[in-house]
>>> print(open('input.txt').read())   # compact mmCIF, C-alpha atoms and all ligand atoms
# COMPACT_ATOMS: atom_id res chain seq x y z
CA MET E 1435 -53.21 -82.50 -56.27
CA ASN E 1436 -56.39 -81.25 -54.69
CA VAL E 1437 -55.43 -79.28 -51.57
CA GLU E 1438 -58.51 -78.30 -49.61
CA LYS E 1439 -58.38 -74.75 -48.35
CA ILE E 1440 -58.67 -74.36 -44.59
CA ASN E 1441 -61.55 -72.25 -43.31
CA LEU E 1442 -63.14 -71.46 -39.94
CA PHE E 1443 -65.30 -74.55 -40.15
CA SER E 1444 -62.53 -77.00 -41.04
CA GLU E 1445 -61.90 -79.77 -38.55
CA PHE E 1446 -58.83 -79.66 -36.34
CA LYS E 1447 -57.17 -82.54 -34.56
CA ILE E 1448 -55.14 -82.44 -31.37
CA LYS E 1449 -53.76 -85.91 -30.67
CA ASN E 1450 -56.81 -88.22 -31.08
CA ILE E 1451 -59.28 -85.47 -30.32
CA VAL E 1452 -61.26 -83.96 -33.18
CA LEU E 1453 -62.61 -80.41 -33.08
CA LYS E 1454 -65.51 -79.77 -35.49
CA ASN E 1455 -64.21 -76.31 -36.32
CA ARG E 1456 -61.62 -73.71 -35.35
CA VAL E 1457 -63.69 -71.81 -32.78
CA VAL E 1458 -63.04 -72.16 -29.07
CA LEU E 1459 -65.04 -70.93 -26.09
CA PRO E 1460 -62.32 -69.42 -23.86
CA PRO E 1461 -62.50 -69.87 -20.10
CA MET E 1462 -64.91 -67.36 -18.57
CA VAL E 1463 -65.96 -67.42 -14.93
CA ARG E 1464 -69.75 -67.20 -14.85
CA PHE E 1465 -69.89 -65.51 -11.45
CA SER E 1466 -73.67 -65.18 -11.40
CA LEU E 1467 -74.12 -68.93 -11.94
CA ILE E 1468 -71.88 -70.07 -9.06
CA GLY E 1469 -72.26 -69.90 -5.30
CA GLU E 1470 -69.55 -69.18 -2.72
CA ASP E 1471 -69.11 -72.91 -2.05
CA GLY E 1472 -67.63 -73.35 -5.54
CA TYR E 1473 -69.94 -76.18 -6.61
CA VAL E 1474 -71.33 -76.54 -10.11
CA THR E 1475 -74.98 -75.45 -10.38
CA PRO E 1476 -77.72 -76.56 -12.81
CA GLY E 1477 -77.47 -73.12 -14.44
CA LEU E 1478 -73.81 -73.69 -15.24
CA ILE E 1479 -74.46 -77.13 -16.73
CA GLU E 1480 -77.21 -75.61 -18.86
CA TRP E 1481 -74.91 -72.82 -20.12
CA TYR E 1482 -72.14 -75.19 -21.23
CA GLY E 1483 -74.74 -77.57 -22.69
CA GLU E 1484 -76.14 -74.76 -24.80
CA ILE E 1485 -72.73 -73.73 -26.11
CA ALA E 1486 -71.82 -77.35 -26.89
CA LYS E 1487 -75.14 -77.99 -28.61
CA ASN E 1488 -74.55 -75.05 -30.90
CA GLY E 1489 -71.45 -76.72 -32.30
CA VAL E 1490 -68.41 -74.84 -31.00
CA GLY E 1491 -65.11 -76.60 -31.82
CA MET E 1492 -63.86 -76.80 -28.25
CA ILE E 1493 -64.85 -75.54 -24.81
CA ILE E 1494 -62.38 -74.48 -22.16
CA LEU E 1495 -64.19 -74.52 -18.88
CA GLU E 1496 -63.67 -71.50 -16.66
CA ALA E 1497 -60.94 -71.12 -14.02
CA SER E 1498 -61.43 -73.81 -11.40
CA CYS E 1499 -59.42 -73.22 -8.28
CA VAL E 1500 -56.92 -75.72 -6.82
CA ALA E 1501 -57.23 -74.32 -3.28
CA LYS E 1502 -59.87 -72.68 -1.16
CA ASP E 1503 -57.43 -69.87 -0.34
CA GLY E 1504 -56.42 -69.38 -3.97
CA LYS E 1505 -59.65 -68.04 -5.46
CA LEU E 1506 -59.79 -64.91 -7.60
CA ARG E 1507 -63.27 -64.09 -6.27
CA ASN E 1508 -65.67 -65.67 -3.80
CA ASN E 1509 -67.85 -67.31 -6.38
CA GLN E 1510 -65.53 -69.36 -8.54
CA ILE E 1511 -65.75 -73.10 -9.13
CA GLY E 1512 -63.47 -75.30 -7.07
CA ILE E 1513 -61.49 -78.45 -7.83
CA TRP E 1514 -59.59 -78.66 -4.52
CA ASP E 1515 -61.55 -81.58 -3.18
CA ASP E 1516 -63.06 -84.82 -4.50
CA SER E 1517 -66.52 -83.52 -3.64
CA PHE E 1518 -66.33 -81.29 -6.75
CA ILE E 1519 -65.98 -84.26 -9.09
CA ASP E 1520 -69.69 -85.04 -9.25
CA GLY E 1521 -70.79 -81.60 -10.47
CA LEU E 1522 -67.87 -81.11 -12.84
CA SER E 1523 -68.49 -84.57 -14.35
CA LYS E 1524 -71.99 -83.45 -15.30
CA ILE E 1525 -70.52 -80.64 -17.41
CA ALA E 1526 -68.04 -83.04 -19.04
CA GLU E 1527 -70.95 -85.36 -19.77
CA VAL E 1528 -73.21 -82.78 -21.41
CA CYS E 1529 -70.32 -81.57 -23.61
CA LYS E 1530 -69.54 -85.16 -24.62
CA LYS E 1531 -73.16 -85.67 -25.57
CA TYR E 1532 -72.69 -82.99 -28.24
CA LYS E 1533 -69.22 -84.29 -29.22
CA THR E 1534 -67.54 -81.10 -28.04
CA PRO E 1535 -64.03 -81.62 -26.68
CA THR E 1536 -63.75 -79.83 -23.34
CA LEU E 1537 -60.72 -78.82 -21.28
CA ILE E 1538 -60.94 -77.46 -17.77
CA GLN E 1539 -58.81 -74.50 -16.75
CA ILE E 1540 -56.84 -75.07 -13.54
CA HIS E 1541 -56.12 -71.94 -11.56
CA HIS E 1542 -54.62 -70.33 -8.48
CA ALA E 1543 -54.88 -66.56 -8.03
CA GLY E 1544 -51.50 -66.19 -6.34
CA TYR E 1545 -50.05 -63.13 -4.64
CA LYS E 1546 -49.59 -60.42 -7.28
CA GLU E 1547 -46.42 -58.32 -6.73
CA GLU E 1548 -45.84 -60.17 -3.46
CA ILE E 1549 -45.02 -63.45 -5.21
CA SER E 1550 -41.35 -63.12 -4.28
CA ASN E 1551 -42.21 -63.01 -0.55
CA VAL E 1552 -44.16 -66.29 -0.49
CA SER E 1553 -42.36 -69.17 1.21
CA GLU E 1554 -40.86 -71.95 -0.88
CA MET E 1555 -42.87 -74.45 1.18
CA LYS E 1556 -46.14 -72.75 0.28
CA LEU E 1557 -45.30 -72.90 -3.44
CA ASP E 1558 -44.32 -76.57 -3.05
CA SER E 1559 -47.73 -77.28 -1.57
CA ILE E 1560 -49.57 -75.33 -4.31
CA LEU E 1561 -47.66 -77.41 -6.86
CA ASP E 1562 -49.03 -80.54 -5.17
CA GLU E 1563 -52.52 -79.02 -5.27
CA PHE E 1564 -52.23 -78.48 -9.03
CA ILE E 1565 -51.21 -82.10 -9.51
CA GLU E 1566 -54.19 -83.32 -7.47
CA ALA E 1567 -56.48 -81.05 -9.48
CA PHE E 1568 -55.21 -82.57 -12.76
CA ILE E 1569 -56.00 -86.05 -11.42
CA ARG E 1570 -59.54 -84.93 -10.50
CA ALA E 1571 -60.00 -83.29 -13.92
CA LYS E 1572 -59.21 -86.61 -15.57
CA LYS E 1573 -61.61 -88.46 -13.27
CA CYS E 1574 -64.36 -86.03 -14.27
CA GLY E 1575 -64.07 -87.14 -17.90
CA PHE E 1576 -62.69 -83.94 -19.44
CA ASP E 1577 -60.58 -84.16 -22.60
CA GLY E 1578 -57.72 -82.36 -20.94
CA VAL E 1579 -56.66 -79.43 -18.83
CA GLU E 1580 -55.56 -75.88 -19.49
CA ILE E 1581 -53.05 -74.52 -16.96
CA HIS E 1582 -53.94 -70.90 -16.19
CA GLY E 1583 -50.60 -69.22 -16.74
CA ALA E 1584 -51.86 -65.75 -17.74
CA HIS E 1585 -53.59 -62.58 -16.45
CA THR E 1586 -51.21 -61.89 -13.52
CA TYR E 1587 -52.36 -64.95 -11.55
CA LEU E 1588 -49.96 -67.35 -9.81
CA ILE E 1589 -48.19 -68.92 -12.77
CA SER E 1590 -48.08 -65.64 -14.68
CA GLN E 1591 -46.52 -64.07 -11.56
CA LEU E 1592 -43.85 -66.77 -11.59
CA HIS E 1593 -43.28 -66.41 -15.35
CA SER E 1594 -43.03 -62.65 -15.03
CA LYS E 1595 -39.64 -61.00 -15.37
CA LEU E 1596 -41.09 -58.01 -13.52
CA TRP E 1597 -42.57 -59.69 -10.45
CA ASN E 1598 -40.52 -62.85 -9.99
CA THR E 1599 -37.31 -61.70 -8.29
CA ARG E 1600 -37.00 -64.84 -6.14
CA THR E 1601 -33.59 -66.31 -5.40
CA ASP E 1602 -34.71 -69.89 -4.59
CA LYS E 1603 -35.60 -72.61 -7.13
CA TYR E 1604 -38.80 -70.74 -8.08
CA GLY E 1605 -36.58 -67.87 -9.20
CA ASP E 1606 -36.10 -70.00 -12.32
CA ARG E 1607 -39.25 -68.52 -13.80
CA LEU E 1608 -40.36 -71.74 -15.49
CA TYR E 1609 -39.53 -74.09 -12.61
CA PHE E 1610 -43.11 -74.39 -11.32
CA THR E 1611 -44.54 -75.04 -14.78
CA ARG E 1612 -41.77 -77.46 -15.72
CA GLU E 1613 -42.18 -79.45 -12.50
CA LEU E 1614 -45.95 -79.54 -12.89
CA ILE E 1615 -45.63 -80.91 -16.41
CA ARG E 1616 -42.90 -83.37 -15.47
CA ARG E 1617 -44.80 -84.75 -12.51
CA THR E 1618 -48.09 -85.16 -14.40
CA LYS E 1619 -46.72 -86.51 -17.69
CA HIS E 1620 -48.13 -89.97 -16.92
CA LEU E 1621 -51.70 -88.59 -16.99
CA PHE E 1622 -51.50 -87.39 -20.58
CA ASN E 1623 -52.07 -89.68 -23.54
CA ASP E 1624 -53.59 -89.36 -27.01
CA ASN E 1625 -57.01 -88.79 -25.47
CA PHE E 1626 -56.03 -86.28 -22.79
CA ILE E 1627 -54.70 -82.86 -23.80
CA LEU E 1628 -52.24 -80.72 -21.86
CA GLY E 1629 -52.84 -77.08 -22.66
CA ILE E 1630 -51.66 -73.84 -21.11
CA ARG E 1631 -52.78 -70.23 -21.28
CA ILE E 1632 -49.83 -67.89 -21.14
CA GLY E 1633 -49.20 -64.19 -21.05
CA GLY E 1634 -47.63 -63.42 -24.42
CA ASN E 1635 -46.14 -60.32 -22.76
CA GLU E 1636 -44.17 -61.18 -19.61
CA PRO E 1637 -43.66 -58.25 -19.93
CA LYS E 1638 -42.35 -58.22 -23.51
CA LEU E 1639 -43.39 -60.28 -26.51
CA GLU E 1640 -39.86 -61.75 -26.63
CA ASP E 1641 -40.49 -63.20 -23.14
CA GLY E 1642 -43.72 -64.75 -24.37
CA ILE E 1643 -41.88 -66.27 -27.33
CA TYR E 1644 -39.23 -67.69 -24.97
CA ILE E 1645 -41.89 -69.19 -22.68
CA ALA E 1646 -43.73 -70.76 -25.62
CA LYS E 1647 -40.54 -72.32 -27.02
CA GLU E 1648 -39.66 -73.78 -23.62
CA LEU E 1649 -43.20 -75.15 -23.24
CA GLU E 1650 -42.87 -76.81 -26.61
CA LYS E 1651 -39.73 -78.57 -25.36
CA MET E 1652 -41.67 -79.68 -22.28
CA GLY E 1653 -44.19 -81.42 -24.55
CA ILE E 1654 -47.21 -79.15 -24.22
CA ASP E 1655 -50.06 -79.93 -26.68
CA LEU E 1656 -51.71 -76.53 -27.01
CA ILE E 1657 -50.85 -72.91 -26.18
CA HIS E 1658 -53.51 -70.28 -25.64
CA VAL E 1659 -51.93 -66.84 -25.85
CA SER E 1660 -53.44 -64.08 -23.73
CA SER E 1661 -51.92 -61.27 -21.65
CA GLY E 1662 -49.48 -61.33 -18.74
CA VAL E 1663 -48.06 -58.96 -16.12
CA PRO E 1664 -48.01 -55.69 -18.04
CA ASP E 1665 -45.09 -53.35 -18.47
CA PRO E 1666 -46.10 -50.26 -16.40
CA GLU E 1667 -44.47 -48.05 -19.05
CA TYR E 1668 -47.53 -48.55 -21.21
CA LYS E 1669 -50.41 -46.46 -19.91
CA GLN E 1670 -52.92 -47.41 -22.59
CA ASP E 1671 -54.83 -50.68 -22.98
CA CYS E 1672 -52.17 -51.89 -25.43
CA LYS E 1673 -49.11 -53.11 -23.49
CA ILE E 1674 -46.68 -53.64 -26.36
CA GLU E 1675 -45.45 -51.92 -29.50
CA LEU E 1676 -48.12 -52.81 -32.03
CA PRO E 1677 -47.44 -52.37 -35.74
CA GLU E 1678 -49.84 -49.80 -37.11
CA ASP E 1679 -50.97 -52.03 -39.95
CA PHE E 1680 -52.00 -54.90 -37.66
CA LEU E 1681 -55.76 -55.17 -38.03
CA PHE E 1682 -56.66 -56.87 -34.74
CA ASP E 1683 -56.31 -56.45 -30.98
CA TRP E 1684 -52.79 -56.39 -29.45
CA VAL E 1685 -53.42 -59.66 -27.58
CA VAL E 1686 -54.27 -61.35 -30.88
CA TYR E 1687 -50.94 -59.99 -32.17
CA LEU E 1688 -49.10 -61.78 -29.36
CA GLY E 1689 -50.65 -65.08 -30.48
CA VAL E 1690 -49.94 -64.47 -34.15
CA GLU E 1691 -46.28 -63.65 -33.47
CA ILE E 1692 -45.76 -66.56 -31.07
CA LYS E 1693 -47.23 -68.95 -33.64
CA LYS E 1694 -44.30 -68.08 -35.95
CA HIS E 1695 -41.85 -69.58 -33.43
CA VAL E 1696 -43.46 -72.91 -32.44
CA LYS E 1697 -45.17 -75.88 -34.05
CA VAL E 1698 -47.59 -76.39 -31.15
CA PRO E 1699 -51.14 -75.26 -32.07
CA ILE E 1700 -51.91 -71.70 -30.98
CA ILE E 1701 -55.23 -70.27 -29.85
CA GLY E 1702 -55.54 -66.49 -30.23
CA VAL E 1703 -58.01 -64.37 -28.34
CA ARG E 1704 -59.50 -60.96 -27.59
CA ALA E 1705 -62.10 -58.90 -29.32
CA ILE E 1706 -62.62 -61.45 -32.10
CA LYS E 1707 -66.33 -60.99 -32.56
CA THR E 1708 -67.27 -61.38 -36.19
CA GLU E 1709 -67.14 -64.32 -38.56
CA ASN E 1710 -65.19 -62.14 -40.94
CA ASP E 1711 -62.37 -61.47 -38.45
CA ALA E 1712 -62.29 -65.05 -37.21
CA SER E 1713 -62.19 -66.40 -40.78
CA PHE E 1714 -59.41 -64.01 -41.80
CA LEU E 1715 -57.16 -65.18 -38.95
CA ILE E 1716 -57.72 -68.85 -39.79
CA GLU E 1717 -57.70 -68.66 -43.59
CA ASN E 1718 -54.40 -66.76 -43.53
CA ASN E 1719 -52.89 -69.28 -41.10
CA MET E 1720 -52.23 -66.53 -38.55
CA LEU E 1721 -53.68 -68.73 -35.80
CA ASP E 1722 -54.70 -72.38 -35.51
CA LEU E 1723 -57.77 -71.69 -33.41
CA VAL E 1724 -59.68 -68.54 -32.45
CA ALA E 1725 -61.41 -67.99 -29.12
CA VAL E 1726 -64.64 -66.01 -28.97
CA GLY E 1727 -65.53 -65.10 -25.39
CA ARG E 1728 -67.79 -62.12 -24.82
CA GLY E 1729 -69.13 -62.60 -28.33
CA MET E 1730 -70.35 -66.04 -27.27
CA ILE E 1731 -71.92 -64.72 -24.04
CA SER E 1732 -73.93 -62.14 -25.92
CA ARG E 1733 -74.71 -64.61 -28.70
CA PRO E 1734 -74.64 -68.23 -27.44
CA HIS E 1735 -75.60 -69.28 -30.97
CA TRP E 1736 -72.50 -67.59 -32.37
CA ILE E 1737 -71.52 -70.65 -34.42
CA SER E 1738 -74.80 -70.92 -36.34
CA TRP E 1739 -74.80 -67.15 -36.82
CA ALA E 1740 -71.22 -67.27 -38.15
CA LYS E 1741 -72.05 -70.17 -40.46
CA LYS E 1742 -74.85 -68.11 -42.00
CA LYS E 1743 -72.54 -65.12 -42.43
CA TYR E 1744 -69.88 -67.33 -43.99
CA ARG E 1745 -72.25 -68.91 -46.50
CA PHE E 1746 -73.64 -65.53 -47.40
CA ARG E 1747 -70.15 -64.12 -47.91
CA ILE E 1748 -69.02 -67.01 -50.09
CA ASN E 1749 -72.19 -66.90 -52.19
CA THR E 1750 -71.82 -63.17 -52.64
CA LYS E 1751 -68.27 -63.63 -53.82
CA GLU E 1752 -69.34 -66.24 -56.36
CA LYS E 1753 -72.06 -64.04 -57.75
CA LEU E 1754 -69.58 -61.19 -58.15
CA LYS E 1755 -67.26 -63.34 -60.29
C1 LIG E 1801 -66.82 -62.60 -17.48
C2 LIG E 1801 -65.44 -63.02 -17.85
C3 LIG E 1801 -64.84 -64.05 -17.15
C4 LIG E 1801 -63.53 -64.46 -17.50
N1 LIG E 1801 -62.97 -65.52 -16.83
C5 LIG E 1801 -61.76 -66.00 -17.23
C6 LIG E 1801 -61.23 -67.18 -16.68
O1 LIG E 1801 -61.85 -67.86 -15.87
N2 LIG E 1801 -60.01 -67.57 -17.10
C7 LIG E 1801 -59.30 -66.88 -18.06
O2 LIG E 1801 -58.19 -67.29 -18.40
N3 LIG E 1801 -59.82 -65.79 -18.64
C8 LIG E 1801 -61.02 -65.35 -18.27
N4 LIG E 1801 -61.59 -64.29 -18.93
C9 LIG E 1801 -60.93 -63.75 -20.14
C10 LIG E 1801 -61.50 -64.42 -21.40
O3 LIG E 1801 -61.16 -65.79 -21.45
C11 LIG E 1801 -61.00 -63.76 -22.69
O4 LIG E 1801 -59.60 -63.88 -22.76
C12 LIG E 1801 -61.37 -62.28 -22.75
O5 LIG E 1801 -62.74 -62.11 -22.45
C13 LIG E 1801 -61.05 -61.70 -24.14
O6 LIG E 1801 -61.73 -62.38 -25.16
P1 LIG E 1801 -63.12 -61.82 -25.80
O7 LIG E 1801 -62.84 -60.43 -26.27
O8 LIG E 1801 -63.44 -62.76 -26.91
O9 LIG E 1801 -64.14 -61.84 -24.71
C14 LIG E 1801 -62.86 -63.83 -18.56
C15 LIG E 1801 -63.50 -62.80 -19.27
C16 LIG E 1801 -64.78 -62.41 -18.93
C17 LIG E 1801 -65.44 -61.33 -19.75
>>> encode(input="input.txt", output="structure tokens")
Amino acid sequence: MNVEKINLFSEFKIKNIVLKNRVVLPPMVRFSLIGEDGYVTPGLIEWYGEIAKNGVGMIILEASCVAKDGKLRNNQIGIWDDSFIDGLSKIAEVCKKYKTPTLIQIHHAGYKEEISNVSEMKLDSILDEFIEAFIRAKKCGFDGVEIHGAHTYLISQLHSKLWNTRTDKYGDRLYFTRELIRRTKHLFNDNFILGIRIGGNEPKLEDGIYIAKELEKMGIDLIHVSSGVPDPEYKQDCKIELPEDFLFDWVVYLGVEIKKHVKVPIIGVRAIKTENDASFLIENNMLDLVAVGRGMISRPHWISWAKKKYRFRINTKEKLK
């Protein structure tokens, strides 16, 4: 039997959607390319077009906000009104032109430590806003959505054992996410992906594993593991116990560990910059997909650069034999 070995440039399929390779552009707000009104600008379309043209496996469009009062910063793209559909559709279109599957990240900044003091009615209405945003995302022609459930924003606040001390229905830390998925199930089919970015530490890795397993039961298609509400005990950048022999960033570790507990494809992220590191994580089946963020900003042609490095490395190996 001829089993082809997986590498960074092997295709990957999620439902009916084919990714050319295992590299993902993670969501990154391009503050300088957006105005305070939240509309897509020509500069933003050009940026995503360039990334798509260079052959990345999948793009996850930056955090788009479900409500005007839920932004993380003034200049962030919006999806709280139908008037955003036109601009966002242009990004979906340019990515399609280059056959690059594209999800849009759906976000609300939330209330940080104050999440437990927000009224139940307000959270009910934000849940409705998320649902409306999903409907708009589909109208725009994206290949799916990524729920922003990480980085101490609204859904991470609700998932967090540290910050969510509510006693109403939202005190069930996964209630919001479960309801959102249940009430939007009809939108998702083989051509429309439901992804989520989670904090793999909420605040511990075991909480991230629990969240991922529950999401799998809810029928999620893709889990992108990043960081959550940190344990204040850890004063350094690293917010968990990291085995000394782990070669990569602690956030990558969260993804690698969570992958061991679920069958849903896992995207890992943070400080993956070189072809060598990205290839190692994929070839050893530590992750299904790798996200390259800042590396892609500083080198929009990261994919062609990595392909060159890869070919060089393989050729070198052969010559050494
Ligand atoms: C300028 C900038 C904007 C970002 N915006 C978002 C965002 O909109 N949503 C999100 O989930 N993460 C956001 N992030 C985090 C990135 O998606 C990524 O997780 C982080 O940069 C680590 O990966 P890297 O080391 O490959 O850059 C942002 C990061 C940067 C540098």
>>> closest_residue(input="input.txt", among="E:Trp1684, E:Trp1736, E:Tyr1744, E:Phe1465", to="ligand LIG 1801 (chain E)", atoms="all atoms listed in the file")
E:Phe1465
>>> atom_distance(input="input.txt", atom1="atom CA of E:Val1452", atom2="atom CA of E:Phe1568")
21.3 Å
>>> atom_distance(input="input.txt", atom1="atom CA of E:His1620", atom2="atom CA of E:Lys1530")
23.3 Å
>>> residues_near_ligand(input="input.txt", ligand="ligand LIG 1801 (chain E)", cutoff="7 Å", atoms="only C-alpha atoms and all ligand atoms", output="MDAnalysis selection string")
chainID E and resid 1460:1464 1496:1497 1582 1584:1585 1631 1660 1703:1707 1725:1729
>>> write_last_selection(input="input.txt", atoms="C-alpha atoms", output="tab-separated table (two decimals), in the coordinates of the input")
chain	number	residue	atom	x	y	z
E	1460	PRO	CA	-62.32	-69.42	-23.86
E	1461	PRO	CA	-62.50	-69.87	-20.10
E	1462	MET	CA	-64.91	-67.36	-18.57
E	1463	VAL	CA	-65.96	-67.42	-14.93
E	1464	ARG	CA	-69.75	-67.20	-14.85
E	1496	GLU	CA	-63.67	-71.50	-16.66
E	1497	ALA	CA	-60.94	-71.12	-14.02
E	1582	HIS	CA	-53.94	-70.90	-16.19
E	1584	ALA	CA	-51.86	-65.75	-17.74
E	1585	HIS	CA	-53.59	-62.58	-16.45
E	1631	ARG	CA	-52.78	-70.23	-21.28
E	1660	SER	CA	-53.44	-64.08	-23.73
E	1703	VAL	CA	-58.01	-64.37	-28.34
E	1704	ARG	CA	-59.50	-60.96	-27.59
E	1705	ALA	CA	-62.10	-58.90	-29.32
E	1706	ILE	CA	-62.62	-61.45	-32.10
E	1707	LYS	CA	-66.33	-60.99	-32.56
E	1725	ALA	CA	-61.41	-67.99	-29.12
E	1726	VAL	CA	-64.64	-66.01	-28.97
E	1727	GLY	CA	-65.53	-65.10	-25.39
E	1728	ARG	CA	-67.79	-62.12	-24.82
E	1729	GLY	CA	-69.13	-62.60	-28.33
>>> closest_residue(input="input.txt", among="E:Val1696, E:Cys1499, E:Val1490, E:Val1663", to="E:Glu1445", atoms="all atoms listed in the file")
E:Val1490
>>> closest_residue(input="input.txt", among="E:Ile1701, E:Leu1459, E:Ala1501, E:Leu1522", to="E:Tyr1473", atoms="all atoms listed in the file")
E:Leu1522
>>> residues_around(input="input.txt", residues="E:Gly1504", least_positions_apart="2", cutoff="7 Å", atoms="all atoms listed in the file", output="JSON, numbers by chain")
{"E": [1499, 1500, 1501, 1502, 1506, 1542, 1543, 1544]}
>>> axis_aligned_box(input="input.txt", around="stretch 1627-1641 of chain E", padding_each_side="6 Å", output="lines of an AutoDock Vina configuration file")
center_x = -47.3
center_y = -70.5
center_z = -23.1
size_x = 26.8
size_y = 36.6
size_z = 19.0
>>> residues_around(input="input.txt", residues="stretch 1507-1510 of chain E", least_positions_apart="5", cutoff="6 Å", atoms="only C-alpha atoms", output="ChimeraX atom specification")
/E:1465,1468-1470,1472
>>> atom_distance(input="input.txt", atom1="atom CA of E:Tyr1545", atom2="atom CA of E:Thr1599")
13.3 Å
>>> build_atoms(input="input.txt", residues="stretch 1533-1545 of chain E", atoms="N, CA and C atoms", output="PDB file, in the coordinates of the input")
ATOM      1  N   LYS E1533     -70.537 -84.048 -28.578  1.00  0.00           N
ATOM      2  CA  LYS E1533     -69.220 -84.290 -29.220  1.00  0.00           C
ATOM      3  C   LYS E1533     -68.355 -83.018 -29.267  1.00  0.00           C
ATOM      4  N   THR E1534     -68.346 -82.323 -28.140  1.00  0.00           N
ATOM      5  CA  THR E1534     -67.540 -81.100 -28.040  1.00  0.00           C
ATOM      6  C   THR E1534     -66.387 -81.328 -27.065  1.00  0.00           C
ATOM      7  N   PRO E1535     -65.161 -81.443 -27.575  1.00  0.00           N
ATOM      8  CA  PRO E1535     -64.030 -81.620 -26.680  1.00  0.00           C
ATOM      9  C   PRO E1535     -63.977 -80.483 -25.648  1.00  0.00           C
ATOM     10  N   THR E1536     -63.715 -80.830 -24.411  1.00  0.00           N
ATOM     11  CA  THR E1536     -63.750 -79.830 -23.340  1.00  0.00           C
ATOM     12  C   THR E1536     -62.556 -79.980 -22.417  1.00  0.00           C
ATOM     13  N   LEU E1537     -61.825 -78.873 -22.246  1.00  0.00           N
ATOM     14  CA  LEU E1537     -60.720 -78.820 -21.280  1.00  0.00           C
ATOM     15  C   LEU E1537     -61.224 -78.039 -20.070  1.00  0.00           C
ATOM     16  N   ILE E1538     -60.594 -78.266 -18.936  1.00  0.00           N
ATOM     17  CA  ILE E1538     -60.940 -77.460 -17.770  1.00  0.00           C
ATOM     18  C   ILE E1538     -59.709 -76.645 -17.368  1.00  0.00           C
ATOM     19  N   GLN E1539     -59.946 -75.355 -17.117  1.00  0.00           N
ATOM     20  CA  GLN E1539     -58.810 -74.500 -16.750  1.00  0.00           C
ATOM     21  C   GLN E1539     -58.527 -74.631 -15.248  1.00  0.00           C
ATOM     22  N   ILE E1540     -57.247 -74.836 -14.930  1.00  0.00           N
ATOM     23  CA  ILE E1540     -56.840 -75.070 -13.540  1.00  0.00           C
ATOM     24  C   ILE E1540     -56.075 -73.842 -13.058  1.00  0.00           C
ATOM     25  N   HIS E1541     -56.531 -73.294 -11.934  1.00  0.00           N
ATOM     26  CA  HIS E1541     -56.120 -71.940 -11.560  1.00  0.00           C
ATOM     27  C   HIS E1541     -55.783 -71.773 -10.082  1.00  0.00           C
ATOM     28  N   HIS E1542     -54.850 -70.856  -9.835  1.00  0.00           N
ATOM     29  CA  HIS E1542     -54.620 -70.330  -8.480  1.00  0.00           C
ATOM     30  C   HIS E1542     -54.339 -68.848  -8.643  1.00  0.00           C
ATOM     31  N   ALA E1543     -54.998 -68.013  -7.830  1.00  0.00           N
ATOM     32  CA  ALA E1543     -54.880 -66.560  -8.030  1.00  0.00           C
ATOM     33  C   ALA E1543     -53.505 -66.022  -7.665  1.00  0.00           C
ATOM     34  N   GLY E1544     -52.851 -66.631  -6.680  1.00  0.00           N
ATOM     35  CA  GLY E1544     -51.500 -66.190  -6.340  1.00  0.00           C
ATOM     36  C   GLY E1544     -51.453 -64.947  -5.479  1.00  0.00           C
ATOM     37  N   TYR E1545     -50.361 -64.185  -5.616  1.00  0.00           N
ATOM     38  CA  TYR E1545     -50.050 -63.130  -4.640  1.00  0.00           C
ATOM     39  C   TYR E1545     -49.645 -61.817  -5.279  1.00  0.00           C
TER      40      TYR E1545
END
